[in-house]
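start.txt (compact mmCIF, C-alpha atoms and all ligand atoms)
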# COMPACT_ATOMS: atom_id res chain seq x y z
CA MET A 277 53.26 67.89 -75.12
CA ILE A 278 52.00 70.90 -73.16
CA TYR A 279 49.38 73.07 -74.80
CA GLU A 280 49.01 76.61 -73.60
CA TRP A 281 46.23 79.04 -74.21
CA SER A 282 47.72 81.09 -77.00
CA ASN A 283 45.07 83.62 -77.88
CA LEU A 284 43.45 85.38 -74.97
CA ALA A 285 41.32 87.44 -77.34
CA GLN A 286 39.22 84.35 -77.98
CA ARG A 287 38.73 83.47 -74.34
CA LYS A 288 36.47 86.35 -73.36
CA PRO A 289 33.79 85.87 -76.03
CA LEU A 290 33.76 82.14 -75.35
CA ARG A 291 33.32 82.67 -71.60
CA ARG A 292 30.58 85.22 -72.22
CA LEU A 293 28.80 82.91 -74.64
CA ILE A 294 28.90 79.98 -72.27
CA GLN A 295 28.14 81.88 -69.08
CA ASN A 296 25.19 83.83 -70.46
CA GLY A 297 23.59 80.59 -71.53
CA THR A 298 23.67 81.10 -75.30
CA ALA A 299 25.54 77.84 -75.56
CA ARG A 300 22.99 76.06 -73.37
CA PRO A 301 22.45 73.08 -75.72
CA ILE A 302 25.71 71.51 -74.60
CA MET A 303 26.36 73.53 -71.46
CA THR A 304 23.37 72.89 -69.24
CA GLU A 305 25.33 71.17 -66.48
CA ALA A 306 28.68 71.67 -64.84
CA ARG A 307 29.18 74.86 -66.77
CA ASP A 308 32.60 75.64 -65.32
CA GLY A 309 33.81 72.11 -65.92
CA ARG A 310 32.61 72.22 -69.51
CA LEU A 311 34.29 75.59 -69.96
CA CYS A 312 37.61 74.18 -68.81
CA GLU A 313 37.11 71.22 -71.16
CA MET A 314 36.43 73.57 -74.07
CA GLU A 315 39.46 75.67 -73.23
CA LYS A 316 41.59 72.55 -73.17
CA TRP A 317 40.31 71.53 -76.60
CA ILE A 318 40.80 75.00 -78.03
CA SER A 319 44.40 74.92 -76.87
CA ILE A 320 44.90 71.49 -78.42
CA CYS A 321 43.30 72.48 -81.73
CA ASP A 322 45.17 75.78 -81.85
CA ALA A 323 48.48 74.03 -81.28
CA ILE A 324 47.92 71.23 -83.80
CA ALA A 325 46.43 73.48 -86.47
CA GLY A 326 49.23 75.97 -85.86
CA GLU A 327 51.76 73.26 -86.61
CA GLN A 328 49.96 71.68 -89.54
CA SER A 329 48.05 74.47 -91.30
CA PRO A 330 49.24 75.59 -94.73
CA SER A 331 51.90 78.27 -94.54
CA ASP A 332 50.38 80.50 -97.23
CA ALA A 333 49.18 83.88 -95.98
CA SER A 334 45.49 83.33 -96.73
CA HIS A 335 45.00 79.91 -95.11
CA ASP A 336 47.32 80.10 -92.11
CA ILE A 337 46.43 79.65 -88.45
CA SER A 338 45.22 83.24 -88.11
CA HIS A 339 42.54 82.50 -90.76
CA CYS A 340 41.44 79.45 -88.74
CA ARG A 341 41.26 81.51 -85.54
CA ARG A 342 39.14 84.16 -87.29
CA VAL A 343 36.79 81.49 -88.69
CA TRP A 344 36.33 80.18 -85.14
CA ARG A 345 35.56 83.65 -83.76
CA LEU A 346 33.16 84.37 -86.62
CA SER A 347 31.48 81.01 -86.03
CA LEU A 348 30.96 81.89 -82.38
CA ALA A 349 29.59 85.29 -83.34
CA ILE A 350 27.12 83.82 -85.86
CA MET A 351 25.98 81.16 -83.40
CA ALA A 352 25.39 83.79 -80.71
CA ARG A 353 23.75 86.39 -82.98
CA ASP A 354 21.21 83.93 -84.37
CA ALA A 355 20.96 81.88 -81.14
CA ILE A 356 21.63 78.72 -83.12
CA GLU A 357 21.89 75.42 -81.30
CA ALA A 358 25.24 73.89 -82.10
CA ASP A 359 27.86 71.67 -80.53
CA LEU A 360 30.64 74.08 -79.56
CA LEU A 361 33.37 71.44 -79.60
CA VAL A 362 32.46 70.31 -83.12
CA LEU A 363 32.09 73.91 -84.27
CA MET A 364 35.47 74.94 -82.88
CA ALA A 365 37.35 71.89 -84.19
CA ALA A 366 35.77 72.29 -87.64
CA ALA A 367 36.79 75.96 -87.74
CA TYR A 368 40.37 75.17 -86.79
CA PHE A 369 40.81 72.19 -89.13
CA HIS A 370 38.71 73.10 -92.15
CA ASP A 371 41.79 74.05 -94.20
CA ILE A 372 44.28 71.56 -92.76
CA ARG A 373 44.59 70.27 -96.32
CA ASN A 374 44.59 72.96 -98.98
CA TYR A 375 45.28 72.01 -102.57
CA PRO A 376 45.76 74.87 -105.06
CA LYS A 377 42.67 76.02 -106.99
CA ASN A 378 44.24 74.71 -110.20
CA SER A 379 44.93 71.24 -108.75
CA SER A 380 43.05 68.17 -109.99
CA LEU A 381 42.56 67.26 -106.29
CA ARG A 382 40.81 70.55 -105.54
CA GLU A 383 37.32 69.12 -105.14
CA LEU A 384 38.66 66.58 -102.63
CA THR A 385 40.38 69.19 -100.45
CA SER A 386 37.67 69.54 -97.83
CA THR A 387 37.07 65.78 -97.58
CA HIS A 388 40.79 65.20 -97.14
CA SER A 389 40.84 67.97 -94.49
CA ALA A 390 37.98 66.21 -92.70
CA ASP A 391 39.78 62.85 -92.85
CA ARG A 392 42.97 64.41 -91.49
CA ALA A 393 41.14 66.30 -88.71
CA VAL A 394 39.47 63.14 -87.47
CA GLU A 395 42.78 61.27 -87.65
CA LEU A 396 44.69 63.95 -85.72
CA LEU A 397 42.04 64.65 -83.08
CA SER A 398 41.24 60.98 -82.45
CA CYS A 399 44.85 60.59 -81.27
CA HIS A 400 44.10 63.19 -78.60
CA GLY A 401 40.90 61.59 -77.35
CA PHE A 402 38.31 63.57 -79.32
CA PRO A 403 34.89 62.12 -78.41
CA PRO A 404 34.26 59.35 -80.98
CA GLU A 405 30.51 60.05 -81.00
CA LYS A 406 31.25 63.52 -82.41
CA THR A 407 33.66 62.59 -85.20
CA ALA A 408 30.94 62.07 -87.84
CA LYS A 409 29.56 65.57 -87.13
CA LEU A 410 33.04 67.03 -87.25
CA HIS A 411 33.83 65.26 -90.51
CA HIS A 412 30.65 66.55 -92.16
CA ALA A 413 31.15 70.15 -90.94
CA ILE A 414 34.61 70.23 -92.52
CA ALA A 415 33.82 68.25 -95.68
CA ALA A 416 30.80 70.44 -96.51
CA HIS A 417 32.44 73.82 -95.99
CA SER A 418 33.90 74.37 -99.45
CA PHE A 419 32.29 75.33 -102.75
CA SER A 420 34.23 72.85 -104.80
CA ALA A 421 33.19 69.80 -102.74
CA GLY A 422 29.51 70.30 -103.67
CA ILE A 423 28.38 68.71 -100.37
CA PRO A 424 25.24 70.43 -98.98
CA PRO A 425 25.64 71.31 -95.27
CA THR A 426 23.05 69.37 -93.27
CA SER A 427 23.97 70.34 -89.70
CA ASN A 428 24.03 73.66 -87.89
CA GLU A 429 27.76 73.32 -87.30
CA ALA A 430 28.37 72.82 -91.03
CA ARG A 431 26.14 75.76 -91.97
CA ILE A 432 27.84 78.09 -89.48
CA VAL A 433 31.42 77.18 -90.42
CA GLN A 434 30.60 77.49 -94.13
CA ASP A 435 29.22 81.00 -93.55
CA ALA A 436 32.18 82.02 -91.38
CA ASP A 437 34.66 80.82 -94.00
CA ARG A 438 32.80 82.64 -96.78
CA ILE A 439 32.75 85.87 -94.75
CA GLU A 440 36.54 85.60 -94.58
CA ALA A 441 36.54 86.00 -98.39
CA LEU A 442 34.88 89.43 -98.04
CA GLY A 443 35.72 92.79 -96.48
CA ALA A 444 39.21 94.15 -95.93
CA ILE A 445 40.47 90.72 -94.89
CA GLY A 446 38.94 89.05 -97.93
CA LEU A 447 40.46 91.69 -100.17
CA ALA A 448 43.94 90.99 -98.83
CA ARG A 449 43.39 87.23 -99.04
CA ALA A 450 42.07 87.36 -102.63
CA PHE A 451 45.16 89.09 -103.93
CA ALA A 452 47.43 86.84 -101.88
CA VAL A 453 45.82 83.75 -103.44
CA GLY A 454 45.92 85.31 -106.91
CA SER A 455 49.60 86.03 -106.52
CA THR A 456 50.28 82.42 -105.49
CA LEU A 457 48.50 81.22 -108.64
CA GLY A 458 50.43 83.65 -110.85
CA ALA A 459 47.38 85.75 -111.72
CA ASN A 460 47.62 89.43 -112.64
CA LEU A 461 45.94 91.92 -110.33
CA PHE A 462 43.52 92.96 -113.10
CA ASP A 463 43.32 93.42 -116.85
CA PRO A 464 44.75 96.91 -117.47
CA ASP A 465 42.82 97.21 -120.75
CA ASP A 466 39.46 96.08 -119.41
CA PRO A 467 39.51 95.80 -115.57
CA LEU A 468 35.77 95.15 -115.25
CA ALA A 469 35.61 92.70 -118.18
CA GLU A 470 33.10 94.86 -120.05
CA SER A 471 34.26 93.59 -123.45
CA ARG A 472 35.65 90.15 -122.66
CA SER A 473 34.79 86.99 -120.73
CA LEU A 474 35.64 86.86 -117.04
CA ASN A 475 38.77 84.86 -116.27
CA ASP A 476 39.67 84.74 -112.59
CA ARG A 477 42.58 82.38 -113.18
CA ARG A 478 44.21 85.20 -115.14
CA PHE A 479 42.97 88.28 -113.29
CA THR A 480 42.28 88.36 -109.55
CA LEU A 481 39.84 91.27 -109.90
CA ASP A 482 37.63 89.05 -112.10
CA HIS A 483 37.18 86.79 -109.06
CA PHE A 484 35.13 89.53 -107.44
CA GLN A 485 32.53 89.20 -110.20
CA THR A 486 32.74 85.43 -110.66
CA LYS A 487 32.38 84.62 -106.97
CA LEU A 488 32.85 87.19 -104.22
CA PHE A 489 30.01 89.60 -105.08
CA HIS A 490 27.56 86.66 -105.01
CA LEU A 491 28.52 85.32 -101.58
CA PRO A 492 25.92 87.22 -99.51
CA ASP A 493 23.15 85.41 -101.43
CA LYS A 494 24.68 82.04 -100.60
CA MET A 495 24.77 82.40 -96.82
CA ASN A 496 22.97 79.85 -94.65
CA THR A 497 22.33 82.01 -91.59
CA ARG A 498 20.74 85.42 -91.11
CA ALA A 499 23.74 86.73 -89.16
CA GLY A 500 26.10 85.41 -91.82
CA ARG A 501 24.13 87.16 -94.55
CA GLU A 502 24.08 90.46 -92.67
CA ILE A 503 27.83 90.40 -92.04
CA ALA A 504 28.48 89.36 -95.64
CA GLU A 505 26.30 92.17 -97.01
CA ARG A 506 28.32 94.72 -95.02
CA ARG A 507 31.66 93.25 -96.02
CA VAL A 508 30.85 92.97 -99.70
CA LEU A 509 30.43 96.76 -99.71
CA VAL A 510 34.14 97.03 -98.84
CA LEU A 511 34.95 95.12 -102.03
CA ARG A 512 32.59 97.26 -104.10
CA ASP A 513 34.17 100.43 -102.68
CA PHE A 514 37.59 99.05 -103.52
CA VAL A 515 36.60 98.42 -107.14
CA SER A 516 35.13 101.90 -107.36
CA ASN A 517 38.32 103.46 -105.96
CA LEU A 518 40.46 101.35 -108.25
CA MET A 519 38.56 102.59 -111.30
CA ASN A 520 38.87 106.18 -110.06
CA GLU A 521 42.62 105.78 -109.69
CA LEU A 522 42.98 104.16 -113.12
CA HIS A 523 41.13 107.14 -114.63
CA LEU A 524 43.13 109.60 -112.47
CA ALA A 525 39.82 110.87 -111.14
CA ASP A 526 41.39 111.45 -107.74
CA VAL A 527 44.18 113.50 -109.38
CA ASP A 528 41.67 115.77 -111.13
CA SER A 529 39.61 116.31 -107.98
CA ALA A 530 42.76 117.12 -105.97
CA ALA A 531 43.76 119.90 -108.37
FE FE B 601 39.12 78.70 -95.04

Represent the structure contained in this file as structure tokens.
Amino acid sequence: MIYEWSNLAQRKPLRRLIQNGTARPIMTEARDGRLCEMEKWISICDAIAGEQSPSDASHDISHCRRVWRLSLAIMARDAIEADLLVLMAAAYFHDIRNYPKNSSLRELTSTHSADRAVELLSCHGFPPEKTAKLHHAIAAHSFSAGIPPTSNEARIVQDADRIEALGAIGLARAFAVGSTLGANLFDPDDPLAESRSLNDRRFTLDHFQTKLFHLPDKMNTRAGREIAERRVLVLRDFVSNLMNELHLADVDSAA
């Protein structure tokens, strides 16, 4: 099978990161050779994850590519020492298994993703000495697994994946997931749950209060927290605009 570089947008930041020395921990020697090796592995991971990722709109290959780019950005911004190959593979494969939120297997999703990633990549010659690190970075990324991240790669990928739940992208993904689960957009009688208990299985907007608004406080890295704090404002603005529209406040002010 021939793997081709499929996303040039990711090549420039990777080259910059490696060539300016930010990635020095694993790139001290033979920098060009290592770069080619990384590019080969990115192509392999992109191709395999592209074939095997879930087809739903919020966990498809484009989500994996964004998690990888965010991971790179966090690593560079905070100058964190991390193994780029492990980081990249974890970003691409972290959702290779994705059971629905209402599935009894949900808490095993990330562990099963980790098992599958190791299985798939081992067939392509992934360095055996790195598989334990890769497995942990994937297994620890999700809330429901309850596995504390103990490596820099795991902490970075977890932050990158959580950032994807915020901002304009997170907004789109939240409603896509809610729709898949059969949830309503919001409770028309009490959108902010002021007189009822929150129920994000029933109303997607409730998920903002049960989980999304709290994500910035749960970040592992400084860069991750800063990005999350900016992106959570997009969600808060959305809620504010939604309430204005429901009260026809924008209609009154336009008159
Ligand atoms: Fe994800």

From the list A:His335, A:Arg477, A:His523, A:His388, which residue is nearest ligand FE 601 (chain B) when using only C-alpha atoms and all ligand atoms?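 Smallest separation from ligand FE 601 (chain B) among the options: A:His335.
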
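Among the candidates A:Glu470, A:Asp354, A:Asp437, A:Asp371, the residue lying nearest to Ala499 in chain A is A:Asp354 (atoms considered: only C-alpha atoms).
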
Within 9 Å of ligand FE 601 (chain B), which residues of chain A come that close, and what is the closest atom pair and distance in Å for each? Count all atoms listed in the file and give it as a tab-separated table.
residue	atom	partner	partner_atom	distance
A:Ser334	CA	B:FE601	FE	8.1
A:His335	CA	B:FE601	FE	6.0
A:Asp336	CA	B:FE601	FE	8.8
A:His339	CA	B:FE601	FE	6.7
A:Cys340	CA	B:FE601	FE	6.8
A:Val343	CA	B:FE601	FE	7.3
A:Ala367	CA	B:FE601	FE	8.1
A:Phe369	CA	B:FE601	FE	9.0
A:His370	CA	B:FE601	FE	6.3
A:Asp371	CA	B:FE601	FE	5.4
A:Asn374	CA	B:FE601	FE	8.9
A:His417	CA	B:FE601	FE	8.3
A:Ser418	CA	B:FE601	FE	8.1
A:Gln434	CA	B:FE601	FE	8.7
A:Ala436	CA	B:FE601	FE	8.5
A:Asp437	CA	B:FE601	FE	5.0
A:Arg438	CA	B:FE601	FE	7.6
A:Glu440	CA	B:FE601	FE	7.4
A:Ala441	CA	B:FE601	FE	8.4

Just to be explicit: take each residue in the selection above, keep C-alpha atoms, and write the result as a PDB file, in the frame of the given file.
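Resulting contents of selection.pdb:
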ATOM      1  CA  SER A 334      45.490  83.330 -96.730  1.00  0.00           C
ATOM      2  CA  HIS A 335      45.000  79.910 -95.110  1.00  0.00           C
ATOM      3  CA  ASP A 336      47.320  80.100 -92.110  1.00  0.00           C
ATOM      4  CA  HIS A 339      42.540  82.500 -90.760  1.00  0.00           C
ATOM      5  CA  CYS A 340      41.440  79.450 -88.740  1.00  0.00           C
ATOM      6  CA  VAL A 343      36.790  81.490 -88.690  1.00  0.00           C
ATOM      7  CA  ALA A 367      36.790  75.960 -87.740  1.00  0.00           C
ATOM      8  CA  PHE A 369      40.810  72.190 -89.130  1.00  0.00           C
ATOM      9  CA  HIS A 370      38.710  73.100 -92.150  1.00  0.00           C
ATOM     10  CA  ASP A 371      41.790  74.050 -94.200  1.00  0.00           C
ATOM     11  CA  ASN A 374      44.590  72.960 -98.980  1.00  0.00           C
ATOM     12  CA  HIS A 417      32.440  73.820 -95.990  1.00  0.00           C
ATOM     13  CA  SER A 418      33.900  74.370 -99.450  1.00  0.00           C
ATOM     14  CA  GLN A 434      30.600  77.490 -94.130  1.00  0.00           C
ATOM     15  CA  ALA A 436      32.180  82.020 -91.380  1.00  0.00           C
ATOM     16  CA  ASP A 437      34.660  80.820 -94.000  1.00  0.00           C
ATOM     17  CA  ARG A 438      32.800  82.640 -96.780  1.00  0.00           C
ATOM     18  CA  GLU A 440      36.540  85.600 -94.580  1.00  0.00           C
ATOM     19  CA  ALA A 441      36.540  86.000 -98.390  1.00  0.00           C
TER      20      ALA A 441
END

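Of note, CA of Ser380 in chain A and CA of Glu327 in chain A are spaced 25.5 Å apart.
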
Distance in Å - CA of Leu481 in chain A versus CA of Ala421 in chain A: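 About the pair CA of Leu481 in chain A and CA of Ala421 in chain A: they are 23.6 Å apart.
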
If I take CA of Ile432 in chain A and CA of Ser347 in chain A, how far is one from the other in Å, to one decimal?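 One can read the CA of Ile432 in chain A to CA of Ser347 in chain A distance as 5.8 Å.
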
Return as AutoDock Vina command-line options the box centre and box size in Å, one decimal, for an axis-aligned box around all listed atoms of range 379-394 of chain A padded by 8 Å per side.
--center_x 41.0 --center_y 67.0 --center_z -98.7 --size_x 23.9 --size_y 24.4 --size_z 38.5

Select, from A:Thr480, A:Ile423, A:Leu511, A:Val362, the residue with the minimum atom-to-atom distance to Pro403 in chain A, counting all atoms listed in the file. A:Val362

Counting all atoms listed in the file, which of A:Met519, A:Cys321, A:Ile439, A:Ala355 gets nearest to Pro464 in chain A?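 Looking at the shortest contact to Pro464 in chain A, the residue is A:Met519.
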
Contacts of range 397-399 of chain A within 12 Å, all atoms listed in the file, excl. fewer than 3 positions in-chain, as a list in words: Trp317, Ile318, Ile320, Cys321, Asp322, Ala323, Ile324, Ala325, Leu361, Val362, Ala365, Ala366, Tyr368, Phe369, Ser389, Ala390, Asp391, Arg392, Ala393, Val394, Phe402, Pro403, Pro404, Glu405, Lys406, Thr407, Ala408, Leu410 and His411 of chain A

Keeping C-alpha atoms, export the residues of the selection given above as a PDB file, in the coordinates of the input.
ATOM      1  CA  TRP A 317      40.310  71.530 -76.600  1.00  0.00           C
ATOM      2  CA  ILE A 318      40.800  75.000 -78.030  1.00  0.00           C
ATOM      3  CA  ILE A 320      44.900  71.490 -78.420  1.00  0.00           C
ATOM      4  CA  CYS A 321      43.300  72.480 -81.730  1.00  0.00           C
ATOM      5  CA  ASP A 322      45.170  75.780 -81.850  1.00  0.00           C
ATOM      6  CA  ALA A 323      48.480  74.030 -81.280  1.00  0.00           C
ATOM      7  CA  ILE A 324      47.920  71.230 -83.800  1.00  0.00           C
ATOM      8  CA  ALA A 325      46.430  73.480 -86.470  1.00  0.00           C
ATOM      9  CA  LEU A 361      33.370  71.440 -79.600  1.00  0.00           C
ATOM     10  CA  VAL A 362      32.460  70.310 -83.120  1.00  0.00           C
ATOM     11  CA  ALA A 365      37.350  71.890 -84.190  1.00  0.00           C
ATOM     12  CA  ALA A 366      35.770  72.290 -87.640  1.00  0.00           C
ATOM     13  CA  TYR A 368      40.370  75.170 -86.790  1.00  0.00           C
ATOM     14  CA  PHE A 369      40.810  72.190 -89.130  1.00  0.00           C
ATOM     15  CA  SER A 389      40.840  67.970 -94.490  1.00  0.00           C
ATOM     16  CA  ALA A 390      37.980  66.210 -92.700  1.00  0.00           C
ATOM     17  CA  ASP A 391      39.780  62.850 -92.850  1.00  0.00           C
ATOM     18  CA  ARG A 392      42.970  64.410 -91.490  1.00  0.00           C
ATOM     19  CA  ALA A 393      41.140  66.300 -88.710  1.00  0.00           C
ATOM     20  CA  VAL A 394      39.470  63.140 -87.470  1.00  0.00           C
ATOM     21  CA  PHE A 402      38.310  63.570 -79.320  1.00  0.00           C
ATOM     22  CA  PRO A 403      34.890  62.120 -78.410  1.00  0.00           C
ATOM     23  CA  PRO A 404      34.260  59.350 -80.980  1.00  0.00           C
ATOM     24  CA  GLU A 405      30.510  60.050 -81.000  1.00  0.00           C
ATOM     25  CA  LYS A 406      31.250  63.520 -82.410  1.00  0.00           C
ATOM     26  CA  THR A 407      33.660  62.590 -85.200  1.00  0.00           C
ATOM     27  CA  ALA A 408      30.940  62.070 -87.840  1.00  0.00           C
ATOM     28  CA  LEU A 410      33.040  67.030 -87.250  1.00  0.00           C
ATOM     29  CA  HIS A 411      33.830  65.260 -90.510  1.00  0.00           C
TER      30      HIS A 411
END

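Residue nearest Ile414 in chain A within the list A:Met364, A:Leu524, A:Ser386, A:Pro330: A:Ser386 [criterion: smallest interatomic distance, all atoms listed in the file].
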
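Shortest separation to Met351 in chain A among A:Glu395, A:Glu315, A:Asp435, A:Glu521 occurs at residue A:Asp435, atoms counted being all atoms listed in the file.
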
List the spatial neighbours of Gly458 in chain A as a VMD selection string - criterion: any atom at most 9 Å away, all atoms listed in the file, same-chain residues fewer than 3 positions off excluded. chain A and resid 453 to 455 477 to 478

Hey, which bits of range 349-448 of chain A sit within 8 Å of range 503-509 of chain A, and for each residue what's the closest pair of atoms and how far apart in Å (one decimal), counting only C-alpha atoms, rows by chain and increasing number, as CSV?
residue,atom,partner,partner_atom,distance
A:Ile439,CA,A:Ala504,CA,5.6
A:Leu442,CA,A:Arg507,CA,5.4
A:Gly443,CA,A:Arg507,CA,4.1
A:Ala444,CA,A:Arg507,CA,7.6
